[in-house]
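S.K.: The file below is final.txt, compact mmCIF, N, CA and C atoms:
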# COMPACT_ATOMS: atom_id res chain seq x y z
N MET A 1 26.28 2.60 27.79
CA MET A 1 26.36 3.04 26.43
C MET A 1 24.96 3.44 25.95
N LYS A 2 24.85 4.62 25.40
CA LYS A 2 23.57 5.10 24.89
C LYS A 2 23.34 4.56 23.49
N THR A 3 22.10 4.23 23.22
CA THR A 3 21.75 3.81 21.87
C THR A 3 21.10 4.97 21.15
N ARG A 4 21.31 5.03 19.89
CA ARG A 4 20.75 6.11 19.09
C ARG A 4 19.42 5.63 18.51
N SER A 5 18.39 6.38 18.77
CA SER A 5 17.08 6.01 18.23
C SER A 5 16.84 6.76 16.93
N THR A 6 16.04 6.14 16.10
CA THR A 6 15.69 6.75 14.83
C THR A 6 14.56 7.74 15.07
N PRO A 7 14.73 8.99 14.63
CA PRO A 7 13.65 9.95 14.85
C PRO A 7 12.43 9.58 14.01
N ARG A 8 11.26 9.82 14.55
CA ARG A 8 10.01 9.55 13.85
C ARG A 8 9.33 10.87 13.53
N LEU A 9 8.79 10.93 12.35
CA LEU A 9 8.03 12.11 11.97
C LEU A 9 6.60 11.94 12.45
N ALA A 10 6.08 12.94 13.07
CA ALA A 10 4.70 12.89 13.54
C ALA A 10 3.79 13.45 12.45
N LEU A 11 2.82 12.66 12.04
CA LEU A 11 1.83 13.10 11.06
C LEU A 11 0.50 13.29 11.75
N SER A 12 -0.22 14.30 11.32
CA SER A 12 -1.58 14.43 11.82
C SER A 12 -2.41 13.33 11.18
N TYR A 13 -3.55 13.06 11.74
CA TYR A 13 -4.44 12.03 11.17
C TYR A 13 -4.79 12.37 9.73
N ASP A 14 -5.12 13.63 9.47
CA ASP A 14 -5.48 14.05 8.11
C ASP A 14 -4.32 13.87 7.13
N ASP A 15 -3.11 14.18 7.57
CA ASP A 15 -1.94 14.00 6.71
C ASP A 15 -1.67 12.52 6.45
N TYR A 16 -1.89 11.69 7.47
CA TYR A 16 -1.70 10.24 7.33
C TYR A 16 -2.69 9.68 6.30
N ILE A 17 -3.95 10.06 6.40
CA ILE A 17 -4.96 9.59 5.46
C ILE A 17 -4.63 10.10 4.05
N ALA A 18 -4.21 11.35 3.94
CA ALA A 18 -3.85 11.90 2.63
C ALA A 18 -2.67 11.13 2.02
N MET A 19 -1.70 10.75 2.86
CA MET A 19 -0.56 9.98 2.37
C MET A 19 -1.03 8.61 1.86
N LEU A 20 -1.91 7.95 2.61
CA LEU A 20 -2.42 6.64 2.18
C LEU A 20 -3.23 6.76 0.90
N GLN A 21 -4.01 7.82 0.75
CA GLN A 21 -4.78 8.03 -0.48
C GLN A 21 -3.85 8.23 -1.67
N THR A 22 -2.77 8.96 -1.47
CA THR A 22 -1.79 9.18 -2.54
C THR A 22 -1.12 7.86 -2.92
N MET A 23 -0.76 7.07 -1.94
CA MET A 23 -0.12 5.78 -2.22
C MET A 23 -1.10 4.85 -2.95
N PHE A 24 -2.36 4.86 -2.54
CA PHE A 24 -3.36 4.04 -3.22
C PHE A 24 -3.49 4.46 -4.67
N SER A 25 -3.48 5.75 -4.93
CA SER A 25 -3.61 6.23 -6.31
C SER A 25 -2.44 5.79 -7.19
N GLN A 26 -1.32 5.47 -6.59
CA GLN A 26 -0.15 5.01 -7.33
C GLN A 26 -0.27 3.56 -7.77
N VAL A 27 -1.13 2.78 -7.11
CA VAL A 27 -1.22 1.35 -7.42
C VAL A 27 -2.57 0.92 -7.99
N CYS A 28 -3.58 1.76 -7.88
CA CYS A 28 -4.90 1.37 -8.39
C CYS A 28 -5.00 1.70 -9.87
N ASP A 29 -5.99 1.14 -10.53
CA ASP A 29 -6.28 1.44 -11.93
C ASP A 29 -6.88 2.84 -11.97
N PRO A 30 -6.25 3.79 -12.65
CA PRO A 30 -6.75 5.16 -12.65
C PRO A 30 -8.12 5.30 -13.32
N ASP A 31 -8.49 4.35 -14.16
CA ASP A 31 -9.78 4.39 -14.83
C ASP A 31 -10.87 3.65 -14.05
N ASP A 32 -10.48 2.82 -13.09
CA ASP A 32 -11.45 2.04 -12.32
C ASP A 32 -10.83 1.66 -10.98
N TRP A 33 -10.94 2.54 -10.00
CA TRP A 33 -10.28 2.31 -8.72
C TRP A 33 -10.86 1.10 -7.97
N LYS A 34 -12.04 0.63 -8.38
CA LYS A 34 -12.66 -0.52 -7.72
C LYS A 34 -12.15 -1.86 -8.26
N ALA A 35 -11.35 -1.83 -9.30
CA ALA A 35 -10.84 -3.04 -9.96
C ALA A 35 -9.81 -3.76 -9.09
N PRO A 36 -9.54 -5.03 -9.42
CA PRO A 36 -8.46 -5.75 -8.72
C PRO A 36 -7.13 -5.01 -8.86
N ILE A 37 -6.26 -5.24 -7.89
CA ILE A 37 -4.97 -4.54 -7.86
C ILE A 37 -3.85 -5.54 -7.95
N GLY A 38 -2.88 -5.21 -8.79
CA GLY A 38 -1.63 -5.95 -8.89
C GLY A 38 -0.54 -4.92 -9.11
N ALA A 39 0.37 -4.80 -8.16
CA ALA A 39 1.38 -3.74 -8.25
C ALA A 39 2.73 -4.23 -7.73
N LEU A 40 3.76 -3.70 -8.32
CA LEU A 40 5.13 -3.96 -7.90
C LEU A 40 5.63 -2.70 -7.22
N VAL A 41 5.99 -2.81 -5.93
CA VAL A 41 6.45 -1.66 -5.15
C VAL A 41 7.76 -2.02 -4.45
N PRO A 42 8.53 -1.00 -4.02
CA PRO A 42 9.73 -1.30 -3.26
C PRO A 42 9.38 -2.14 -2.02
N TYR A 43 10.18 -3.14 -1.75
CA TYR A 43 9.87 -4.10 -0.69
C TYR A 43 9.68 -3.42 0.67
N GLY A 44 10.53 -2.46 1.00
CA GLY A 44 10.44 -1.81 2.30
C GLY A 44 9.18 -0.98 2.48
N ALA A 45 8.57 -0.56 1.39
CA ALA A 45 7.36 0.26 1.45
C ALA A 45 6.08 -0.57 1.38
N ALA A 46 6.20 -1.86 1.18
CA ALA A 46 5.04 -2.73 1.00
C ALA A 46 4.02 -2.63 2.13
N PRO A 47 4.42 -2.63 3.40
CA PRO A 47 3.40 -2.56 4.46
C PRO A 47 2.52 -1.31 4.38
N VAL A 48 3.10 -0.20 3.99
CA VAL A 48 2.31 1.03 3.91
C VAL A 48 1.38 0.99 2.69
N TYR A 49 1.86 0.48 1.56
CA TYR A 49 0.99 0.32 0.40
C TYR A 49 -0.15 -0.63 0.72
N MET A 50 0.14 -1.69 1.43
CA MET A 50 -0.92 -2.64 1.79
C MET A 50 -1.95 -1.99 2.70
N LYS A 51 -1.50 -1.18 3.64
CA LYS A 51 -2.42 -0.46 4.52
C LYS A 51 -3.29 0.48 3.70
N ALA A 52 -2.70 1.15 2.71
CA ALA A 52 -3.46 2.06 1.85
C ALA A 52 -4.53 1.31 1.06
N ILE A 53 -4.17 0.16 0.51
CA ILE A 53 -5.12 -0.65 -0.26
C ILE A 53 -6.25 -1.13 0.63
N GLU A 54 -5.91 -1.62 1.80
CA GLU A 54 -6.93 -2.12 2.72
C GLU A 54 -7.85 -1.01 3.20
N LEU A 55 -7.32 0.18 3.42
CA LEU A 55 -8.15 1.31 3.83
C LEU A 55 -9.12 1.71 2.73
N MET A 56 -8.63 1.79 1.50
CA MET A 56 -9.45 2.30 0.41
C MET A 56 -10.42 1.27 -0.17
N THR A 57 -10.09 -0.02 -0.04
CA THR A 57 -10.94 -1.04 -0.66
C THR A 57 -11.71 -1.88 0.35
N GLY A 58 -11.23 -1.95 1.57
CA GLY A 58 -11.84 -2.83 2.57
C GLY A 58 -11.50 -4.28 2.34
N ALA A 59 -10.61 -4.55 1.39
CA ALA A 59 -10.23 -5.92 1.03
C ALA A 59 -8.80 -6.21 1.47
N PRO A 60 -8.52 -7.45 1.86
CA PRO A 60 -7.16 -7.81 2.25
C PRO A 60 -6.23 -7.86 1.05
N CYS A 61 -4.94 -7.84 1.34
CA CYS A 61 -3.90 -7.89 0.31
C CYS A 61 -3.03 -9.12 0.52
N GLU A 62 -2.37 -9.50 -0.53
CA GLU A 62 -1.32 -10.52 -0.44
C GLU A 62 -0.04 -9.89 -0.97
N CYS A 63 1.06 -10.31 -0.40
CA CYS A 63 2.35 -9.75 -0.77
C CYS A 63 3.34 -10.89 -1.02
N ARG A 64 4.01 -10.81 -2.15
CA ARG A 64 5.03 -11.81 -2.48
C ARG A 64 6.32 -11.08 -2.81
N ARG A 65 7.40 -11.47 -2.15
CA ARG A 65 8.71 -10.85 -2.40
C ARG A 65 9.27 -11.38 -3.71
N THR A 66 9.82 -10.46 -4.49
CA THR A 66 10.44 -10.82 -5.75
C THR A 66 11.66 -9.92 -5.95
N PHE A 67 12.49 -10.26 -6.90
CA PHE A 67 13.68 -9.46 -7.17
C PHE A 67 13.67 -9.01 -8.62
N VAL A 68 14.04 -7.76 -8.82
CA VAL A 68 14.18 -7.20 -10.16
C VAL A 68 15.58 -6.62 -10.25
N LYS A 69 16.38 -7.20 -11.14
CA LYS A 69 17.78 -6.80 -11.28
C LYS A 69 18.50 -6.81 -9.94
N GLY A 70 18.20 -7.82 -9.13
CA GLY A 70 18.87 -8.01 -7.85
C GLY A 70 18.32 -7.19 -6.69
N LYS A 71 17.32 -6.35 -6.95
CA LYS A 71 16.76 -5.51 -5.90
C LYS A 71 15.42 -6.09 -5.45
N PRO A 72 15.15 -6.03 -4.13
CA PRO A 72 13.90 -6.61 -3.62
C PRO A 72 12.69 -5.70 -3.88
N TYR A 73 11.64 -6.33 -4.36
CA TYR A 73 10.36 -5.65 -4.58
C TYR A 73 9.26 -6.53 -3.99
N ALA A 74 8.12 -5.93 -3.81
CA ALA A 74 6.96 -6.67 -3.35
C ALA A 74 5.90 -6.63 -4.45
N HIS A 75 5.37 -7.79 -4.78
CA HIS A 75 4.24 -7.85 -5.70
C HIS A 75 3.00 -7.96 -4.83
N ILE A 76 2.21 -6.89 -4.83
CA ILE A 76 1.02 -6.82 -3.99
C ILE A 76 -0.21 -7.06 -4.86
N THR A 77 -1.10 -7.93 -4.39
CA THR A 77 -2.35 -8.18 -5.10
C THR A 77 -3.52 -8.06 -4.13
N SER A 78 -4.66 -7.66 -4.69
CA SER A 78 -5.89 -7.56 -3.92
C SER A 78 -7.06 -7.72 -4.88
N VAL A 79 -8.14 -8.25 -4.39
CA VAL A 79 -9.33 -8.40 -5.23
C VAL A 79 -9.96 -7.05 -5.53
N GLY A 80 -9.59 -6.03 -4.80
CA GLY A 80 -10.12 -4.69 -5.02
C GLY A 80 -11.45 -4.47 -4.33
N TYR A 81 -11.93 -3.25 -4.44
CA TYR A 81 -13.15 -2.86 -3.74
C TYR A 81 -14.36 -3.64 -4.24
N ARG A 82 -14.53 -3.69 -5.55
CA ARG A 82 -15.74 -4.28 -6.13
C ARG A 82 -15.96 -5.72 -5.69
N ALA A 83 -14.91 -6.53 -5.67
CA ALA A 83 -15.03 -7.94 -5.31
C ALA A 83 -14.80 -8.19 -3.83
N GLY A 84 -14.40 -7.17 -3.10
CA GLY A 84 -14.12 -7.32 -1.68
C GLY A 84 -15.36 -7.26 -0.81
N PRO A 85 -15.18 -7.38 0.49
CA PRO A 85 -16.31 -7.43 1.42
C PRO A 85 -17.13 -6.15 1.48
N ALA A 86 -16.55 -5.01 1.12
CA ALA A 86 -17.28 -3.74 1.14
C ALA A 86 -17.86 -3.40 -0.23
N GLY A 87 -17.62 -4.26 -1.19
CA GLY A 87 -17.98 -3.97 -2.58
C GLY A 87 -19.46 -3.81 -2.84
N ASP A 88 -19.73 -3.26 -3.98
CA ASP A 88 -21.11 -3.00 -4.40
C ASP A 88 -21.61 -4.17 -5.24
N HIS A 89 -21.72 -5.35 -4.61
CA HIS A 89 -22.20 -6.53 -5.34
C HIS A 89 -23.53 -6.97 -4.85
Just dump the structure as structure tokens.

M.R.:
Amino acid sequence: MKTRSTPRLALSYDDYIAMLQTMFSQVCDPDDWKAPIGALVPYGAAPVYMKAIELMTGAPCECRRTFVKGKPYAHITSVGYRAGPAGDH
């Protein structure tokens, strides 16, 4: 019996970085991108948002599963760039 595999979209490195930058812009403070981050995102997309935050800030993230009106979401937090290991302190 053959199994059906899920097709994967191939992204170039530049497109991948652009996607992560776009996702980061959705969760960072638009007036101060170096500030701490606290965001509620769809649970299934949390790993990619976390990768975007870690790439742009150099700081680790924490993720806590929560439910809003019965649907799963992830509450992602990070100290942000300024307070993180790459920060300008």

S.K.: Please report, as a count of residues only, each residue of region 41-83 of chain A to which DSSP assigns strand (DSSP E) when run on this structure's backbone.

M.R.: 18

S.K.: Might you pull out every residue within 9 Å of region 75-86 of chain A, with only C-alpha atoms counted and same-chain residues fewer than 5 positions away left off, and present them as number ranges by chain?

M.R.: A: 28, 33-43, 46, 49-50, 53-54, 56-66

S.K.: Could you list, as a list of chain:residue names, every residue within 6.5 Å of Ala52 (chain A), counting all atoms listed in the file and ignoring same-chain residues fewer than 3 positions away?

M.R.: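 The residues that qualify are A:Leu20, A:Gln21, A:Met23, A:Phe24, A:Pro47, A:Val48, A:Tyr49, A:Leu55, A:Met56, A:Thr57.
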
S.K.: I need the residues from that last selection saved to file as a PDB file, keeping the file's coordinate frame (with N, CA and C atoms), if you can.

M.R.:
ATOM      1  N   LEU A  20      -1.910   7.950   2.610  1.00  0.00           N
ATOM      2  CA  LEU A  20      -2.420   6.640   2.180  1.00  0.00           C
ATOM      3  C   LEU A  20      -3.230   6.760   0.900  1.00  0.00           C
ATOM      4  N   GLN A  21      -4.010   7.820   0.750  1.00  0.00           N
ATOM      5  CA  GLN A  21      -4.780   8.030  -0.480  1.00  0.00           C
ATOM      6  C   GLN A  21      -3.850   8.230  -1.670  1.00  0.00           C
ATOM      7  N   MET A  23      -0.760   7.070  -1.940  1.00  0.00           N
ATOM      8  CA  MET A  23      -0.120   5.780  -2.220  1.00  0.00           C
ATOM      9  C   MET A  23      -1.100   4.850  -2.950  1.00  0.00           C
ATOM     10  N   PHE A  24      -2.360   4.860  -2.540  1.00  0.00           N
ATOM     11  CA  PHE A  24      -3.360   4.040  -3.220  1.00  0.00           C
ATOM     12  C   PHE A  24      -3.490   4.460  -4.670  1.00  0.00           C
ATOM     13  N   PRO A  47       4.420  -2.630   3.400  1.00  0.00           N
ATOM     14  CA  PRO A  47       3.400  -2.560   4.460  1.00  0.00           C
ATOM     15  C   PRO A  47       2.520  -1.310   4.380  1.00  0.00           C
ATOM     16  N   VAL A  48       3.100  -0.200   3.990  1.00  0.00           N
ATOM     17  CA  VAL A  48       2.310   1.030   3.910  1.00  0.00           C
ATOM     18  C   VAL A  48       1.380   0.990   2.690  1.00  0.00           C
ATOM     19  N   TYR A  49       1.860   0.480   1.560  1.00  0.00           N
ATOM     20  CA  TYR A  49       0.990   0.320   0.400  1.00  0.00           C
ATOM     21  C   TYR A  49      -0.150  -0.630   0.720  1.00  0.00           C
ATOM     22  N   LEU A  55      -7.320   0.180   3.420  1.00  0.00           N
ATOM     23  CA  LEU A  55      -8.150   1.310   3.830  1.00  0.00           C
ATOM     24  C   LEU A  55      -9.120   1.710   2.730  1.00  0.00           C
ATOM     25  N   MET A  56      -8.630   1.790   1.500  1.00  0.00           N
ATOM     26  CA  MET A  56      -9.450   2.300   0.410  1.00  0.00           C
ATOM     27  C   MET A  56     -10.420   1.270  -0.170  1.00  0.00           C
ATOM     28  N   THR A  57     -10.090  -0.020  -0.040  1.00  0.00           N
ATOM     29  CA  THR A  57     -10.940  -1.040  -0.660  1.00  0.00           C
ATOM     30  C   THR A  57     -11.710  -1.880   0.350  1.00  0.00           C
TER      31      THR A  57
END

S.K.: Per DSSP on the backbone, what are the alpha helix (DSSP H) residues of chain A, as a PyMOL selection string?

M.R.: chain A and resi 13-27+46-57+80-83

S.K.: For atom C of Asp31 (chain A) and atom C of Ala45 (chain A), determine how far apart the two atoms are, in Å to one decimal place.

M.R.: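 Going from atom C of Asp31 (chain A) over to atom C of Ala45 (chain A) covers 23.3 Å.
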
S.K.: Measure the distance from CA of Ala74 (chain A) to CA of Tyr16 (chain A) in Å and round it to one decimal.

M.R.: 21.8 Å

S.K.: Could you pull region 54-82 of chain A out of the block above and give me N, CA, C and O atoms, as a short mmCIF file (atom, residue, chain, number, x, y, z; two decimals), in the first residue's frame?

M.R.:
data_model
loop_
_atom_site.label_atom_id
_atom_site.label_comp_id
_atom_site.auth_asym_id
_atom_site.auth_seq_id
_atom_site.Cartn_x
_atom_site.Cartn_y
_atom_site.Cartn_z
N GLU A 54 13.75 34.45 17.15
CA GLU A 54 15.12 34.09 17.49
C GLU A 54 16.11 34.60 16.45
O GLU A 54 17.20 35.07 16.79
N LEU A 55 15.74 34.55 15.18
CA LEU A 55 16.62 35.06 14.13
C LEU A 55 16.81 36.57 14.25
O LEU A 55 17.92 37.07 14.16
N MET A 56 15.73 37.29 14.48
CA MET A 56 15.80 38.75 14.47
C MET A 56 16.33 39.35 15.77
O MET A 56 16.86 40.45 15.77
N THR A 57 16.18 38.63 16.89
CA THR A 57 16.59 39.20 18.17
C THR A 57 17.82 38.53 18.76
O THR A 57 18.49 39.11 19.61
N GLY A 58 18.09 37.30 18.37
CA GLY A 58 19.18 36.55 18.98
C GLY A 58 18.82 36.04 20.36
O GLY A 58 19.66 35.50 21.07
N ALA A 59 17.58 36.22 20.77
CA ALA A 59 17.12 35.82 22.11
C ALA A 59 16.18 34.63 22.01
O ALA A 59 15.42 34.50 21.06
N PRO A 60 16.20 33.75 23.01
CA PRO A 60 15.29 32.60 23.01
C PRO A 60 13.85 33.04 23.28
O PRO A 60 13.60 34.14 23.76
N CYS A 61 12.94 32.15 22.97
CA CYS A 61 11.50 32.38 23.17
C CYS A 61 10.94 31.34 24.12
O CYS A 61 11.49 30.26 24.26
N GLU A 62 9.83 31.68 24.70
CA GLU A 62 9.04 30.70 25.46
C GLU A 62 7.66 30.66 24.84
O GLU A 62 7.16 31.67 24.34
N CYS A 63 7.06 29.49 24.88
CA CYS A 63 5.76 29.29 24.26
C CYS A 63 4.84 28.58 25.25
O CYS A 63 5.23 27.58 25.84
N ARG A 64 3.65 29.13 25.42
CA ARG A 64 2.67 28.51 26.30
C ARG A 64 1.38 28.34 25.51
O ARG A 64 0.88 29.29 24.91
N ARG A 65 0.84 27.13 25.50
CA ARG A 65 -0.41 26.85 24.79
C ARG A 65 -1.58 27.39 25.60
O ARG A 65 -1.65 27.22 26.82
N THR A 66 -2.49 28.04 24.90
CA THR A 66 -3.69 28.56 25.53
C THR A 66 -4.85 28.39 24.56
O THR A 66 -4.64 28.07 23.39
N PHE A 67 -6.05 28.58 25.04
CA PHE A 67 -7.23 28.44 24.19
C PHE A 67 -8.03 29.73 24.22
O PHE A 67 -8.21 30.34 25.27
N VAL A 68 -8.50 30.12 23.05
CA VAL A 68 -9.37 31.29 22.92
C VAL A 68 -10.61 30.82 22.19
O VAL A 68 -10.53 30.35 21.05
N LYS A 69 -11.74 30.90 22.88
CA LYS A 69 -13.01 30.42 22.33
C LYS A 69 -12.89 28.99 21.81
O LYS A 69 -13.38 28.64 20.75
N GLY A 70 -12.15 28.16 22.54
CA GLY A 70 -12.00 26.75 22.22
C GLY A 70 -10.94 26.43 21.18
O GLY A 70 -10.71 25.27 20.87
N LYS A 71 -10.29 27.44 20.63
CA LYS A 71 -9.27 27.21 19.60
C LYS A 71 -7.88 27.36 20.21
O LYS A 71 -7.65 28.26 21.02
N PRO A 72 -6.93 26.49 19.80
CA PRO A 72 -5.59 26.56 20.38
C PRO A 72 -4.76 27.71 19.80
O PRO A 72 -4.72 27.92 18.59
N TYR A 73 -4.11 28.41 20.70
CA TYR A 73 -3.19 29.48 20.34
C TYR A 73 -1.91 29.30 21.15
O TYR A 73 -1.89 28.57 22.13
N ALA A 74 -0.88 29.97 20.71
CA ALA A 74 0.37 29.96 21.45
C ALA A 74 0.65 31.38 21.92
O ALA A 74 0.57 32.32 21.12
N HIS A 75 0.96 31.51 23.19
CA HIS A 75 1.41 32.80 23.72
C HIS A 75 2.93 32.74 23.75
O HIS A 75 3.51 31.98 24.51
N ILE A 76 3.54 33.53 22.87
CA ILE A 76 5.00 33.52 22.73
C ILE A 76 5.56 34.76 23.42
O ILE A 76 5.07 35.87 23.20
N THR A 77 6.59 34.55 24.22
CA THR A 77 7.26 35.67 24.88
C THR A 77 8.77 35.58 24.65
O THR A 77 9.32 34.49 24.48
N SER A 78 9.40 36.74 24.64
CA SER A 78 10.84 36.83 24.50
C SER A 78 11.30 38.13 25.13
O SER A 78 10.56 39.12 25.13
N VAL A 79 12.51 38.13 25.65
CA VAL A 79 13.05 39.36 26.24
C VAL A 79 13.36 40.39 25.16
O VAL A 79 13.56 41.56 25.46
N GLY A 80 13.40 39.98 23.92
CA GLY A 80 13.67 40.89 22.82
C GLY A 80 15.15 41.13 22.61
O GLY A 80 16.01 40.64 23.34
N TYR A 81 15.44 41.89 21.58
CA TYR A 81 16.83 42.13 21.19
C TYR A 81 17.60 42.88 22.26
O TYR A 81 18.70 42.50 22.63
N ARG A 82 17.04 43.97 22.75
CA ARG A 82 17.75 44.85 23.67
C ARG A 82 18.24 44.12 24.92
O ARG A 82 19.37 44.29 25.35
#
